[in-house]
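Engineer: mmCIF, C-alpha atoms and all ligand atoms, saved as upload27.cif, coming up:
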```
data_data
#
loop_
_atom_site.label_atom_id
_atom_site.label_comp_id
_atom_site.auth_asym_id
_atom_site.auth_seq_id
_atom_site.Cartn_x
_atom_site.Cartn_y
_atom_site.Cartn_z
CA MET A 839 35.60 9.16 13.93
CA ALA A 840 33.37 6.15 13.16
CA ILE A 841 33.56 5.14 16.81
CA LYS A 842 32.53 8.62 17.90
CA ILE A 843 29.52 8.65 15.56
CA PHE A 844 28.59 5.19 16.86
CA LYS A 845 28.98 6.32 20.48
CA ASN A 846 26.90 9.45 19.93
CA PHE A 847 24.23 7.46 18.08
CA PHE A 848 23.82 5.01 20.95
CA ARG A 849 24.03 7.74 23.53
CA GLY A 850 21.19 9.50 21.71
CA ILE A 851 19.03 6.37 21.58
CA PHE A 852 19.80 5.61 25.22
CA SER A 853 18.76 9.00 26.43
CA LYS A 854 15.59 8.89 24.31
CA ILE A 855 14.52 5.50 25.71
CA PHE A 856 15.43 6.21 29.31
CA GLY A 857 14.61 9.89 29.25
CA GLY A 858 18.27 10.58 30.11
CA ASN A 859 19.59 14.01 30.78
CA ASN A 860 20.48 16.44 28.05
CA GLU A 861 23.31 18.00 29.94
CA ILE A 862 25.98 19.82 27.99
CA LYS A 863 29.35 18.74 29.33
CA MET A 864 31.30 21.94 29.78
CA GLY A 865 34.98 21.61 30.69
CA PHE A 866 37.13 24.32 32.25
CA TYR A 867 40.65 23.86 30.90
CA GLY A 868 43.83 25.86 30.96
CA PRO A 869 47.19 26.39 32.60
CA PRO A 870 47.53 26.31 36.41
CA ASN A 871 46.44 29.36 38.38
CA ALA A 872 44.50 30.96 35.49
CA GLY A 873 41.24 31.01 37.46
CA LYS A 874 39.39 27.93 36.18
CA THR A 875 38.00 27.03 39.59
CA SER A 876 37.26 30.69 40.40
CA LEU A 877 35.13 30.96 37.25
CA ALA A 878 33.51 27.54 37.69
CA ASN A 879 32.67 28.47 41.31
CA ARG A 880 31.15 31.78 40.28
CA VAL A 881 28.93 30.18 37.62
CA CYS A 882 27.95 27.34 39.96
CA LYS A 883 27.19 29.71 42.81
CA ASP A 884 25.05 31.89 40.51
CA TRP A 885 22.82 29.00 39.49
CA THR A 886 22.96 26.41 42.29
CA GLY A 887 24.15 28.36 45.32
CA GLU A 888 27.04 25.92 45.71
CA GLU A 889 30.69 25.97 44.75
CA ILE A 890 32.69 23.34 42.91
CA GLY A 891 36.14 23.43 44.55
CA THR A 892 38.89 25.31 46.36
CA VAL A 893 40.85 28.25 44.96
CA SER A 894 44.44 29.06 45.89
CA LYS A 895 47.30 31.30 44.89
CA VAL A 896 49.49 28.18 44.96
CA PRO A 897 49.42 26.61 41.46
CA HIS A 898 48.01 23.10 40.96
CA GLU A 899 45.38 23.56 43.63
CA THR A 900 42.96 21.41 41.63
CA ARG A 901 44.59 18.00 41.30
CA ASN A 902 41.52 15.94 40.48
CA VAL A 903 38.76 16.53 38.00
CA GLN A 904 35.74 17.82 39.92
CA PHE A 905 32.26 18.37 38.60
CA LYS A 906 28.78 19.62 39.29
CA GLU A 907 25.82 18.12 37.49
CA LYS A 908 22.50 19.64 36.51
CA VAL A 909 23.51 23.28 36.52
CA GLU A 910 20.71 25.06 34.70
CA ILE A 911 21.71 28.41 33.25
CA GLU A 912 19.24 30.91 31.86
CA TYR A 913 20.19 33.61 29.41
CA LYS A 914 17.65 35.91 27.76
CA GLY A 915 14.79 33.47 28.38
CA ARG A 916 16.66 30.42 27.08
CA LYS A 917 17.62 27.66 29.47
CA LEU A 918 20.42 25.13 29.08
CA MET A 919 21.46 22.35 31.43
CA PHE A 920 25.17 21.83 31.99
CA LYS A 921 27.46 19.35 33.67
CA MET A 922 30.34 21.56 34.74
CA VAL A 923 33.76 19.94 34.80
CA ASP A 924 36.65 21.75 36.48
CA THR A 925 40.03 20.27 35.62
CA PRO A 926 43.58 20.35 36.99
CA GLY A 927 45.79 22.96 35.33
CA ILE A 928 47.85 21.69 32.40
CA ALA A 929 51.60 22.34 32.47
CA THR A 930 54.59 21.03 30.53
CA LYS A 931 56.79 20.91 33.61
CA ILE A 932 56.06 20.55 37.31
CA ASP A 933 58.93 21.15 39.68
CA TYR A 934 58.31 20.51 43.38
CA GLU A 935 60.84 23.21 44.22
CA ASP A 936 58.43 25.83 42.85
CA PHE A 937 56.09 25.03 45.75
CA LEU A 938 58.72 25.59 48.41
CA LYS A 939 58.42 29.36 48.08
CA TYR A 940 54.84 29.02 49.34
CA LYS A 941 56.29 27.77 52.64
CA MET A 942 55.37 24.19 51.90
CA LYS A 943 57.37 21.34 53.42
CA LYS A 944 59.57 19.41 50.99
CA LYS A 945 57.57 16.21 51.48
CA ASP A 946 54.27 18.01 50.83
CA ALA A 947 55.72 19.82 47.81
CA LYS A 948 56.86 16.51 46.31
CA GLU A 949 53.45 14.95 46.91
CA ARG A 950 51.71 17.98 45.37
CA ALA A 951 53.94 17.74 42.28
CA LYS A 952 53.19 14.03 41.92
CA ARG A 953 49.43 14.49 42.28
CA ALA A 954 49.50 17.48 39.92
CA THR A 955 51.22 15.37 37.26
CA GLN A 956 48.56 12.67 37.60
CA GLY A 957 45.96 15.44 37.44
CA ILE A 958 47.20 16.54 34.02
CA VAL A 959 46.79 13.01 32.68
CA GLU A 960 43.26 12.98 34.10
CA SER A 961 42.45 16.36 32.49
CA ILE A 962 43.50 15.10 29.07
CA LYS A 963 41.53 11.86 29.51
CA TRP A 964 38.35 13.80 30.23
CA LEU A 965 38.74 15.90 27.07
CA ASP A 966 37.14 13.20 24.95
CA ASP A 967 33.98 13.43 27.01
CA MET A 968 33.49 17.19 26.69
CA ASP A 969 30.79 18.80 24.54
CA LEU A 970 32.38 22.23 24.81
CA VAL A 971 35.40 23.68 26.54
CA ILE A 972 36.07 26.99 28.22
CA VAL A 973 39.79 27.68 27.99
CA VAL A 974 40.65 29.96 30.89
CA LEU A 975 43.81 32.03 30.43
CA ASP A 976 45.43 34.52 32.78
CA ALA A 977 45.36 37.79 30.80
CA THR A 978 48.45 39.06 32.63
CA GLU A 979 50.54 36.24 31.14
CA ASN A 980 51.96 35.87 27.64
CA PRO A 981 49.38 33.76 25.72
CA TYR A 982 51.92 32.46 23.19
CA ASN A 983 53.11 29.33 24.95
CA GLN A 984 53.29 25.60 24.47
CA VAL A 985 50.52 24.75 26.93
CA ASN A 986 47.89 27.05 25.40
CA ILE A 987 48.73 26.01 21.87
CA THR A 988 48.62 22.32 22.81
CA ILE A 989 45.27 22.60 24.60
CA ILE A 990 43.63 24.54 21.79
CA GLY A 991 45.21 22.30 19.12
CA ASN A 992 43.81 19.25 20.91
CA LEU A 993 40.32 20.76 21.01
CA VAL A 994 40.40 21.64 17.32
CA ALA A 995 41.56 18.11 16.44
CA ARG A 996 38.63 16.70 18.43
CA LYS A 997 36.21 19.24 16.92
CA ILE A 998 35.13 20.43 20.36
CA PRO A 999 33.72 24.00 20.39
CA VAL A 1000 35.97 26.40 22.31
CA LEU A 1001 35.39 29.64 24.16
CA ILE A 1002 38.49 31.44 25.38
CA VAL A 1003 38.25 33.44 28.58
CA ALA A 1004 40.84 36.15 29.25
CA ASN A 1005 40.66 36.23 33.03
CA LYS A 1006 41.97 38.68 35.64
CA ILE A 1007 41.15 41.81 33.63
CA ASP A 1008 40.89 43.63 36.98
CA LEU A 1009 44.70 43.59 37.11
CA LYS A 1010 46.65 46.45 35.57
CA LYS A 1011 49.00 44.14 33.68
CA ALA A 1012 46.09 42.33 31.99
CA ASN A 1013 46.00 42.39 28.19
CA ALA A 1014 42.92 40.64 26.79
CA LYS A 1015 43.66 42.07 23.33
CA LYS A 1016 46.90 40.10 23.20
CA ILE A 1017 44.91 36.89 23.74
CA GLU A 1018 42.52 37.92 20.95
CA SER A 1019 45.48 38.45 18.61
CA ALA A 1020 47.04 35.13 19.61
CA PHE A 1021 43.85 33.19 18.83
CA PRO A 1022 42.00 35.27 16.22
CA GLU A 1023 39.73 32.45 15.07
CA TYR A 1024 38.08 32.04 18.50
CA ASP A 1025 35.63 33.95 20.61
CA VAL A 1026 37.53 35.61 23.44
CA VAL A 1027 35.74 37.15 26.40
CA GLY A 1028 37.60 39.26 28.96
CA ILE A 1029 36.37 38.78 32.53
CA SER A 1030 37.34 38.97 36.15
CA ALA A 1031 36.22 35.74 37.81
CA LYS A 1032 37.25 37.22 41.14
CA ASN A 1033 35.10 40.36 40.87
CA GLY A 1034 32.40 38.99 38.59
CA THR A 1035 33.12 41.53 35.83
CA ASN A 1036 31.65 40.83 32.36
CA LEU A 1037 29.87 37.65 33.42
CA GLU A 1038 26.91 38.63 31.20
CA GLU A 1039 29.23 38.65 28.17
CA PHE A 1040 30.53 35.26 29.28
CA TYR A 1041 26.99 33.82 29.36
CA GLU A 1042 26.20 35.39 26.00
CA SER A 1043 29.28 33.77 24.41
CA LEU A 1044 28.54 30.48 26.16
CA PHE A 1045 25.04 30.31 24.69
CA LYS A 1046 26.44 31.27 21.29
CA ILE A 1047 29.01 28.47 21.21
CA SER A 1048 26.50 25.97 22.67
CA LYS A 1049 24.76 26.16 19.30
CA LYS A 1050 27.87 24.68 17.66
CA ILE A 1051 27.56 21.36 19.55
N1 LIG B 1101 43.09 39.40 40.40
C1 LIG B 1101 42.43 38.29 40.08
N2 LIG B 1101 42.77 37.13 40.62
C2 LIG B 1101 42.08 36.02 40.27
C3 LIG B 1101 41.00 36.07 39.35
N3 LIG B 1101 40.53 34.80 39.20
C4 LIG B 1101 41.26 34.03 39.99
N4 LIG B 1101 42.20 34.75 40.64
C5 LIG B 1101 43.21 34.28 41.61
O1 LIG B 1101 44.12 33.41 40.93
C6 LIG B 1101 44.54 32.35 41.79
C7 LIG B 1101 44.23 31.02 41.13
O2 LIG B 1101 42.82 30.85 41.03
P1 LIG B 1101 42.16 29.41 40.83
O3 LIG B 1101 40.72 29.62 40.54
O4 LIG B 1101 42.54 28.50 41.94
O5 LIG B 1101 42.92 28.97 39.49
P2 LIG B 1101 42.88 27.55 38.75
O6 LIG B 1101 43.01 27.83 37.29
O7 LIG B 1101 41.71 26.75 39.18
O8 LIG B 1101 44.24 26.91 39.27
P3 LIG B 1101 44.68 25.33 39.38
O9 LIG B 1101 43.57 24.59 40.04
O10 LIG B 1101 45.90 25.40 40.23
O11 LIG B 1101 44.97 24.88 38.01
C8 LIG B 1101 43.80 32.57 43.12
O12 LIG B 1101 44.65 33.28 44.00
C9 LIG B 1101 42.60 33.41 42.72
O13 LIG B 1101 42.09 34.22 43.75
C10 LIG B 1101 40.66 37.34 38.80
O14 LIG B 1101 39.72 37.49 37.99
N5 LIG B 1101 41.40 38.41 39.20
MG MG B 1102 41.56 24.93 40.07
#
```
What's the structure tokens form of this structure?

Structural biologist:
Amino acid sequence: MAIKIFKNFFRGIFSKIFGGNNEIKMGFYGPPNAGKTSLANRVCKDWTGEEIGTVSKVPHETRNVQFKEKVEIEYKGRKLMFKMVDTPGIATKIDYEDFLKYKMKKKDAKERAKRATQGIVESIKWLDDMDLVIVVLDATENPYNQVNITIIGNLVARKIPVLIVANKIDLKKANAKKIESAFPEYDVVGISAKNGTNLEEFYESLFKISKKI
């Protein structure tokens, strides 16, 4: 705690002296395949015209933290500058055999599993550096699981503001309400990153939780 206060104090002085950026570091966290990169890409594309990374139906597509700096977002006349950080999906277990059904060679599947495991460690390391976190969950999946509870518990312990996104609401099986019930103390916004549904609500919630930093 004392170290964090110290760090923030010096960071503040540093940026005042050198006119440093006032970027809000926004992390996209969650289980694999939930749509973190899809959402990060959509936001990035909206405001910079560029994307942040590749999307795939094969889980653990993102195996390194990737980011985009100086993404200025405007909502109702207010502007905020973000550093967007897309992270590898967090899982409790990675089995290379799960990748074989995607017609991947055994050697490639093993390499993907190894890199995905390292990616999880990297995701957790970056948590400390985040000003706020968007937890992206797949609304067609059961939200009551170890990964979600661990991620959100970690954020609470570090006092990092959280916005939960219930993604894939375009799918019939999606149940955003179940996510709301699972995490009643957080803002939950149902979206489709793929179709761009409810992005306005996402920006509204984002600006709301940015005030908590
Ligand atoms: N139907 C539907 N599919 C989506 C949506 N968002 C993402 N997807 C699909 O879900 C799959 C995973 O998307 P990604 O954006 O790669 O997910 P991710 O969370 O970054 O996954 P990892 O990098 O593996 O952790 C892809 O096939 C996407 O096209 C959505 O809103 N609706
Ligand atoms: Mg990804």

Engineer: When you count only C-alpha atoms and all ligand atoms, which of these residues is closest to ligand LIG 1101 (chain B): A:Asp969, A:Asp946, A:Asp933, A:Asp976?

Structural biologist: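 Answer, going by the shortest atom-to-atom distance: A:Asp976.
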
Engineer: Dump the neighbourhood of ligand MG 1102 (chain B) as a ChimeraX atom specification: all residues within 6 Å, distances computed on all atoms listed in the file.

Structural biologist: /A:874-875,893,899-900,926

Engineer: Just want the residues within 6 Å of ligand LIG 1101 (chain B), written as a PyMOL selection string, counting only C-alpha atoms and all ligand atoms.

Structural biologist: chain A and resi 870-876+893-895+897-900+926-927+1005-1006+1008-1009+1030-1032

Engineer: Given the selection you just returned, output its residues as a file containing C-alpha atoms, formatted as a PDB file, in the frame of the given file.

Structural biologist:
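File written: again_12.pdb
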```pdb
ATOM      1  CA  PRO A 870      47.530  26.310  36.410  1.00  0.00           C
ATOM      2  CA  ASN A 871      46.440  29.360  38.380  1.00  0.00           C
ATOM      3  CA  ALA A 872      44.500  30.960  35.490  1.00  0.00           C
ATOM      4  CA  GLY A 873      41.240  31.010  37.460  1.00  0.00           C
ATOM      5  CA  LYS A 874      39.390  27.930  36.180  1.00  0.00           C
ATOM      6  CA  THR A 875      38.000  27.030  39.590  1.00  0.00           C
ATOM      7  CA  SER A 876      37.260  30.690  40.400  1.00  0.00           C
ATOM      8  CA  VAL A 893      40.850  28.250  44.960  1.00  0.00           C
ATOM      9  CA  SER A 894      44.440  29.060  45.890  1.00  0.00           C
ATOM     10  CA  LYS A 895      47.300  31.300  44.890  1.00  0.00           C
ATOM     11  CA  PRO A 897      49.420  26.610  41.460  1.00  0.00           C
ATOM     12  CA  HIS A 898      48.010  23.100  40.960  1.00  0.00           C
ATOM     13  CA  GLU A 899      45.380  23.560  43.630  1.00  0.00           C
ATOM     14  CA  THR A 900      42.960  21.410  41.630  1.00  0.00           C
ATOM     15  CA  PRO A 926      43.580  20.350  36.990  1.00  0.00           C
ATOM     16  CA  GLY A 927      45.790  22.960  35.330  1.00  0.00           C
ATOM     17  CA  ASN A1005      40.660  36.230  33.030  1.00  0.00           C
ATOM     18  CA  LYS A1006      41.970  38.680  35.640  1.00  0.00           C
ATOM     19  CA  ASP A1008      40.890  43.630  36.980  1.00  0.00           C
ATOM     20  CA  LEU A1009      44.700  43.590  37.110  1.00  0.00           C
ATOM     21  CA  SER A1030      37.340  38.970  36.150  1.00  0.00           C
ATOM     22  CA  ALA A1031      36.220  35.740  37.810  1.00  0.00           C
ATOM     23  CA  LYS A1032      37.250  37.220  41.140  1.00  0.00           C
TER      24      LYS A1032
END
```

Engineer: Please measure the separation of atom CA of Ala878 of chain A and atom CA of Asp924 of chain A, giving the value in Å to one decimal.

Structural biologist: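 These two atoms are separated by 6.7 Å.
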
Engineer: The residues within 10 Å of (54.3, 23.2, 34.5), using all atoms listed in the file and the coordinates of the file, should be reported as a list of chain:residue names; which are they?

Structural biologist: A:Pro869, A:Pro870, A:Pro897, A:His898, A:Gly927, A:Ile928, A:Ala929, A:Thr930, A:Lys931, A:Ile932, A:Asp933, A:Asp936, A:Ala951, A:Ala954, A:Thr955, A:Ile958, A:Val985

Engineer: Excluding Leu1044 of chain A and its own-chain neighbours fewer than 6 positions away, which residues fall within 10 Å of it when counting only C-alpha atoms? Please give them as a short mmCIF file (atom, residue, chain, number, x, y, z; two decimals) with C-alpha atoms, in the frame of the given file.

Structural biologist:
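Result file out_13.cif:
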```
data_model
loop_
_atom_site.label_atom_id
_atom_site.label_comp_id
_atom_site.auth_asym_id
_atom_site.auth_seq_id
_atom_site.Cartn_x
_atom_site.Cartn_y
_atom_site.Cartn_z
CA MET A 864 31.30 21.94 29.78
CA TYR A 913 20.19 33.61 29.41
CA LEU A 970 32.38 22.23 24.81
CA VAL A 971 35.40 23.68 26.54
CA ILE A 972 36.07 26.99 28.22
CA VAL A 1000 35.97 26.40 22.31
CA LEU A 1001 35.39 29.64 24.16
CA ASP A 1025 35.63 33.95 20.61
CA VAL A 1027 35.74 37.15 26.40
CA GLU A 1038 26.91 38.63 31.20
#
```

Engineer: Could you please determine the separation between atom CA of Lys944 of chain A and atom CA of Val896 of chain A in Å, to one decimal place?

Structural biologist: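 For atom CA of Lys944 of chain A relative to atom CA of Val896 of chain A, the distance reads 14.7 Å.
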
Engineer: Using Å and a single decimal, report how far atom CA of Lys948 of chain A sits from atom CA of Tyr982 of chain A.

Structural biologist: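 A separation of 28.5 Å between them.
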
Engineer: With all atoms listed in the file as the atoms that count, which of A:Leu918, A:Ala1012, A:Ala1020, A:Ala1004 lies nearest to Phe1040 of chain A?

Structural biologist: A:Ala1004

Engineer: With all atoms listed in the file as the counted atoms, please give the residues lying no more than 8 Å from Thr886 of chain A, apart from itself and same-chain residues fewer than 3 positions off, as an MDAnalysis selection string.

Structural biologist: chainID A and resid 882:883 909

Engineer: Nearest to Tyr934 of chain A among A:Ala947, A:Ile911, A:Met922, A:Leu877, with distances taken over all atoms listed in the file: which residue is it?

Structural biologist: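 With all atoms listed in the file as the atom set, the closest residue is A:Ala947.
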
Engineer: Given the choices A:Ile1002, A:Lys941, A:Glu889, A:Asn980, which gets closest to Phe1021 of chain A if the distance is worked out from all atoms listed in the file?

Structural biologist: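 Answer, going by the shortest atom-to-atom distance: A:Ile1002.
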
Engineer: When distances are computed from all atoms listed in the file, which of A:Phe1045, A:Lys917, A:Glu979, A:Glu910 shows the smallest separation from Lys1010 of chain A?

Structural biologist: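 Comparing A:Phe1045, A:Lys917, A:Glu979, A:Glu910 against Lys1010 of chain A, the winner is A:Glu979.
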
Engineer: Which residue is closest to Lys914 of chain A? Choose from A:Ile962, A:Glu1039, A:Asn1013, A:Lys952 and count all atoms listed in the file.

Structural biologist: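 Nearest to Lys914 of chain A: A:Glu1039.
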
Engineer: Please complete segment 949-974 of chain A so it has N, CA, C and O atoms, and hand it over as a PDB file, in the coordinates of the input.

Structural biologist:
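The new file rebuild_13.pdb reads:
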```
ATOM      1  N   GLU A 949      54.745  15.635  47.056  1.00  0.00           N
ATOM      2  CA  GLU A 949      53.450  14.950  46.910  1.00  0.00           C
ATOM      3  C   GLU A 949      52.527  15.767  46.002  1.00  0.00           C
ATOM      4  O   GLU A 949      51.833  15.217  45.139  1.00  0.00           O
ATOM      5  N   ARG A 950      52.553  17.097  46.206  1.00  0.00           N
ATOM      6  CA  ARG A 950      51.710  17.980  45.370  1.00  0.00           C
ATOM      7  C   ARG A 950      52.121  17.870  43.896  1.00  0.00           C
ATOM      8  O   ARG A 950      51.281  17.788  43.017  1.00  0.00           O
ATOM      9  N   ALA A 951      53.435  17.835  43.654  1.00  0.00           N
ATOM     10  CA  ALA A 951      53.940  17.740  42.280  1.00  0.00           C
ATOM     11  C   ALA A 951      53.515  16.413  41.644  1.00  0.00           C
ATOM     12  O   ALA A 951      53.113  16.368  40.473  1.00  0.00           O
ATOM     13  N   LYS A 952      53.570  15.358  42.435  1.00  0.00           N
ATOM     14  CA  LYS A 952      53.190  14.030  41.920  1.00  0.00           C
ATOM     15  C   LYS A 952      51.707  13.993  41.573  1.00  0.00           C
ATOM     16  O   LYS A 952      51.308  13.553  40.492  1.00  0.00           O
ATOM     17  N   ARG A 953      50.894  14.497  42.483  1.00  0.00           N
ATOM     18  CA  ARG A 953      49.430  14.490  42.280  1.00  0.00           C
ATOM     19  C   ARG A 953      49.057  15.427  41.125  1.00  0.00           C
ATOM     20  O   ARG A 953      48.138  15.153  40.362  1.00  0.00           O
ATOM     21  N   ALA A 954      49.789  16.529  41.002  1.00  0.00           N
ATOM     22  CA  ALA A 954      49.500  17.480  39.920  1.00  0.00           C
ATOM     23  C   ALA A 954      49.797  16.852  38.561  1.00  0.00           C
ATOM     24  O   ALA A 954      49.067  17.060  37.587  1.00  0.00           O
ATOM     25  N   THR A 955      50.864  16.051  38.515  1.00  0.00           N
ATOM     26  CA  THR A 955      51.220  15.370  37.260  1.00  0.00           C
ATOM     27  C   THR A 955      50.135  14.371  36.881  1.00  0.00           C
ATOM     28  O   THR A 955      49.714  14.295  35.715  1.00  0.00           O
ATOM     29  N   GLN A 956      49.656  13.617  37.872  1.00  0.00           N
ATOM     30  CA  GLN A 956      48.560  12.670  37.600  1.00  0.00           C
ATOM     31  C   GLN A 956      47.312  13.425  37.179  1.00  0.00           C
ATOM     32  O   GLN A 956      46.537  12.972  36.332  1.00  0.00           O
ATOM     33  N   GLY A 957      47.125  14.602  37.765  1.00  0.00           N
ATOM     34  CA  GLY A 957      45.960  15.440  37.440  1.00  0.00           C
ATOM     35  C   GLY A 957      45.941  15.853  35.976  1.00  0.00           C
ATOM     36  O   GLY A 957      44.887  15.905  35.346  1.00  0.00           O
ATOM     37  N   ILE A 958      47.117  16.130  35.437  1.00  0.00           N
ATOM     38  CA  ILE A 958      47.200  16.540  34.020  1.00  0.00           C
ATOM     39  C   ILE A 958      46.750  15.385  33.122  1.00  0.00           C
ATOM     40  O   ILE A 958      45.984  15.589  32.169  1.00  0.00           O
ATOM     41  N   VAL A 959      47.191  14.191  33.464  1.00  0.00           N
ATOM     42  CA  VAL A 959      46.790  13.010  32.680  1.00  0.00           C
ATOM     43  C   VAL A 959      45.271  12.871  32.725  1.00  0.00           C
ATOM     44  O   VAL A 959      44.614  12.629  31.709  1.00  0.00           O
ATOM     45  N   GLU A 960      44.711  13.085  33.914  1.00  0.00           N
ATOM     46  CA  GLU A 960      43.260  12.980  34.100  1.00  0.00           C
ATOM     47  C   GLU A 960      42.521  14.040  33.261  1.00  0.00           C
ATOM     48  O   GLU A 960      41.518  13.749  32.606  1.00  0.00           O
ATOM     49  N   SER A 961      43.058  15.260  33.281  1.00  0.00           N
ATOM     50  CA  SER A 961      42.450  16.360  32.490  1.00  0.00           C
ATOM     51  C   SER A 961      42.345  15.960  31.030  1.00  0.00           C
ATOM     52  O   SER A 961      41.299  16.112  30.395  1.00  0.00           O
ATOM     53  N   ILE A 962      43.446  15.459  30.492  1.00  0.00           N
ATOM     54  CA  ILE A 962      43.500  15.100  29.070  1.00  0.00           C
ATOM     55  C   ILE A 962      42.522  13.958  28.784  1.00  0.00           C
ATOM     56  O   ILE A 962      41.812  13.974  27.774  1.00  0.00           O
ATOM     57  N   LYS A 963      42.455  12.995  29.694  1.00  0.00           N
ATOM     58  CA  LYS A 963      41.530  11.860  29.510  1.00  0.00           C
ATOM     59  C   LYS A 963      40.099  12.336  29.382  1.00  0.00           C
ATOM     60  O   LYS A 963      39.327  11.819  28.589  1.00  0.00           O
ATOM     61  N   TRP A 964      39.736  13.313  30.205  1.00  0.00           N
ATOM     62  CA  TRP A 964      38.350  13.800  30.230  1.00  0.00           C
ATOM     63  C   TRP A 964      37.987  14.604  28.980  1.00  0.00           C
ATOM     64  O   TRP A 964      36.804  14.806  28.708  1.00  0.00           O
ATOM     65  N   LEU A 965      39.007  15.066  28.258  1.00  0.00           N
ATOM     66  CA  LEU A 965      38.740  15.900  27.070  1.00  0.00           C
ATOM     67  C   LEU A 965      37.754  15.240  26.110  1.00  0.00           C
ATOM     68  O   LEU A 965      36.855  15.895  25.579  1.00  0.00           O
ATOM     69  N   ASP A 966      37.963  13.950  25.899  1.00  0.00           N
ATOM     70  CA  ASP A 966      37.140  13.200  24.950  1.00  0.00           C
ATOM     71  C   ASP A 966      35.654  13.259  25.276  1.00  0.00           C
ATOM     72  O   ASP A 966      34.814  13.092  24.408  1.00  0.00           O
ATOM     73  N   ASP A 967      35.360  13.475  26.545  1.00  0.00           N
ATOM     74  CA  ASP A 967      33.980  13.430  27.010  1.00  0.00           C
ATOM     75  C   ASP A 967      33.291  14.799  26.987  1.00  0.00           C
ATOM     76  O   ASP A 967      32.117  14.912  27.317  1.00  0.00           O
ATOM     77  N   MET A 968      34.030  15.827  26.602  1.00  0.00           N
ATOM     78  CA  MET A 968      33.490  17.190  26.690  1.00  0.00           C
ATOM     79  C   MET A 968      32.678  17.571  25.442  1.00  0.00           C
ATOM     80  O   MET A 968      33.049  17.240  24.329  1.00  0.00           O
ATOM     81  N   ASP A 969      31.579  18.282  25.668  1.00  0.00           N
ATOM     82  CA  ASP A 969      30.790  18.800  24.540  1.00  0.00           C
ATOM     83  C   ASP A 969      31.304  20.173  24.124  1.00  0.00           C
ATOM     84  O   ASP A 969      31.234  20.546  22.963  1.00  0.00           O
ATOM     85  N   LEU A 970      31.746  20.942  25.111  1.00  0.00           N
ATOM     86  CA  LEU A 970      32.380  22.230  24.810  1.00  0.00           C
ATOM     87  C   LEU A 970      33.381  22.547  25.916  1.00  0.00           C
ATOM     88  O   LEU A 970      33.277  22.033  27.028  1.00  0.00           O
ATOM     89  N   VAL A 971      34.347  23.384  25.567  1.00  0.00           N
ATOM     90  CA  VAL A 971      35.400  23.680  26.540  1.00  0.00           C
ATOM     91  C   VAL A 971      35.626  25.192  26.670  1.00  0.00           C
ATOM     92  O   VAL A 971      35.696  25.919  25.681  1.00  0.00           O
ATOM     93  N   ILE A 972      35.697  25.612  27.918  1.00  0.00           N
ATOM     94  CA  ILE A 972      36.070  26.990  28.220  1.00  0.00           C
ATOM     95  C   ILE A 972      37.564  26.952  28.534  1.00  0.00           C
ATOM     96  O   ILE A 972      37.973  26.289  29.497  1.00  0.00           O
ATOM     97  N   VAL A 973      38.356  27.612  27.711  1.00  0.00           N
ATOM     98  CA  VAL A 973      39.790  27.680  27.990  1.00  0.00           C
ATOM     99  C   VAL A 973      40.023  28.965  28.779  1.00  0.00           C
ATOM    100  O   VAL A 973      39.776  30.066  28.285  1.00  0.00           O
ATOM    101  N   VAL A 974      40.438  28.794  30.021  1.00  0.00           N
ATOM    102  CA  VAL A 974      40.650  29.960  30.890  1.00  0.00           C
ATOM    103  C   VAL A 974      42.131  30.321  30.888  1.00  0.00           C
ATOM    104  O   VAL A 974      42.976  29.504  31.256  1.00  0.00           O
TER     105      VAL A 974
END
```
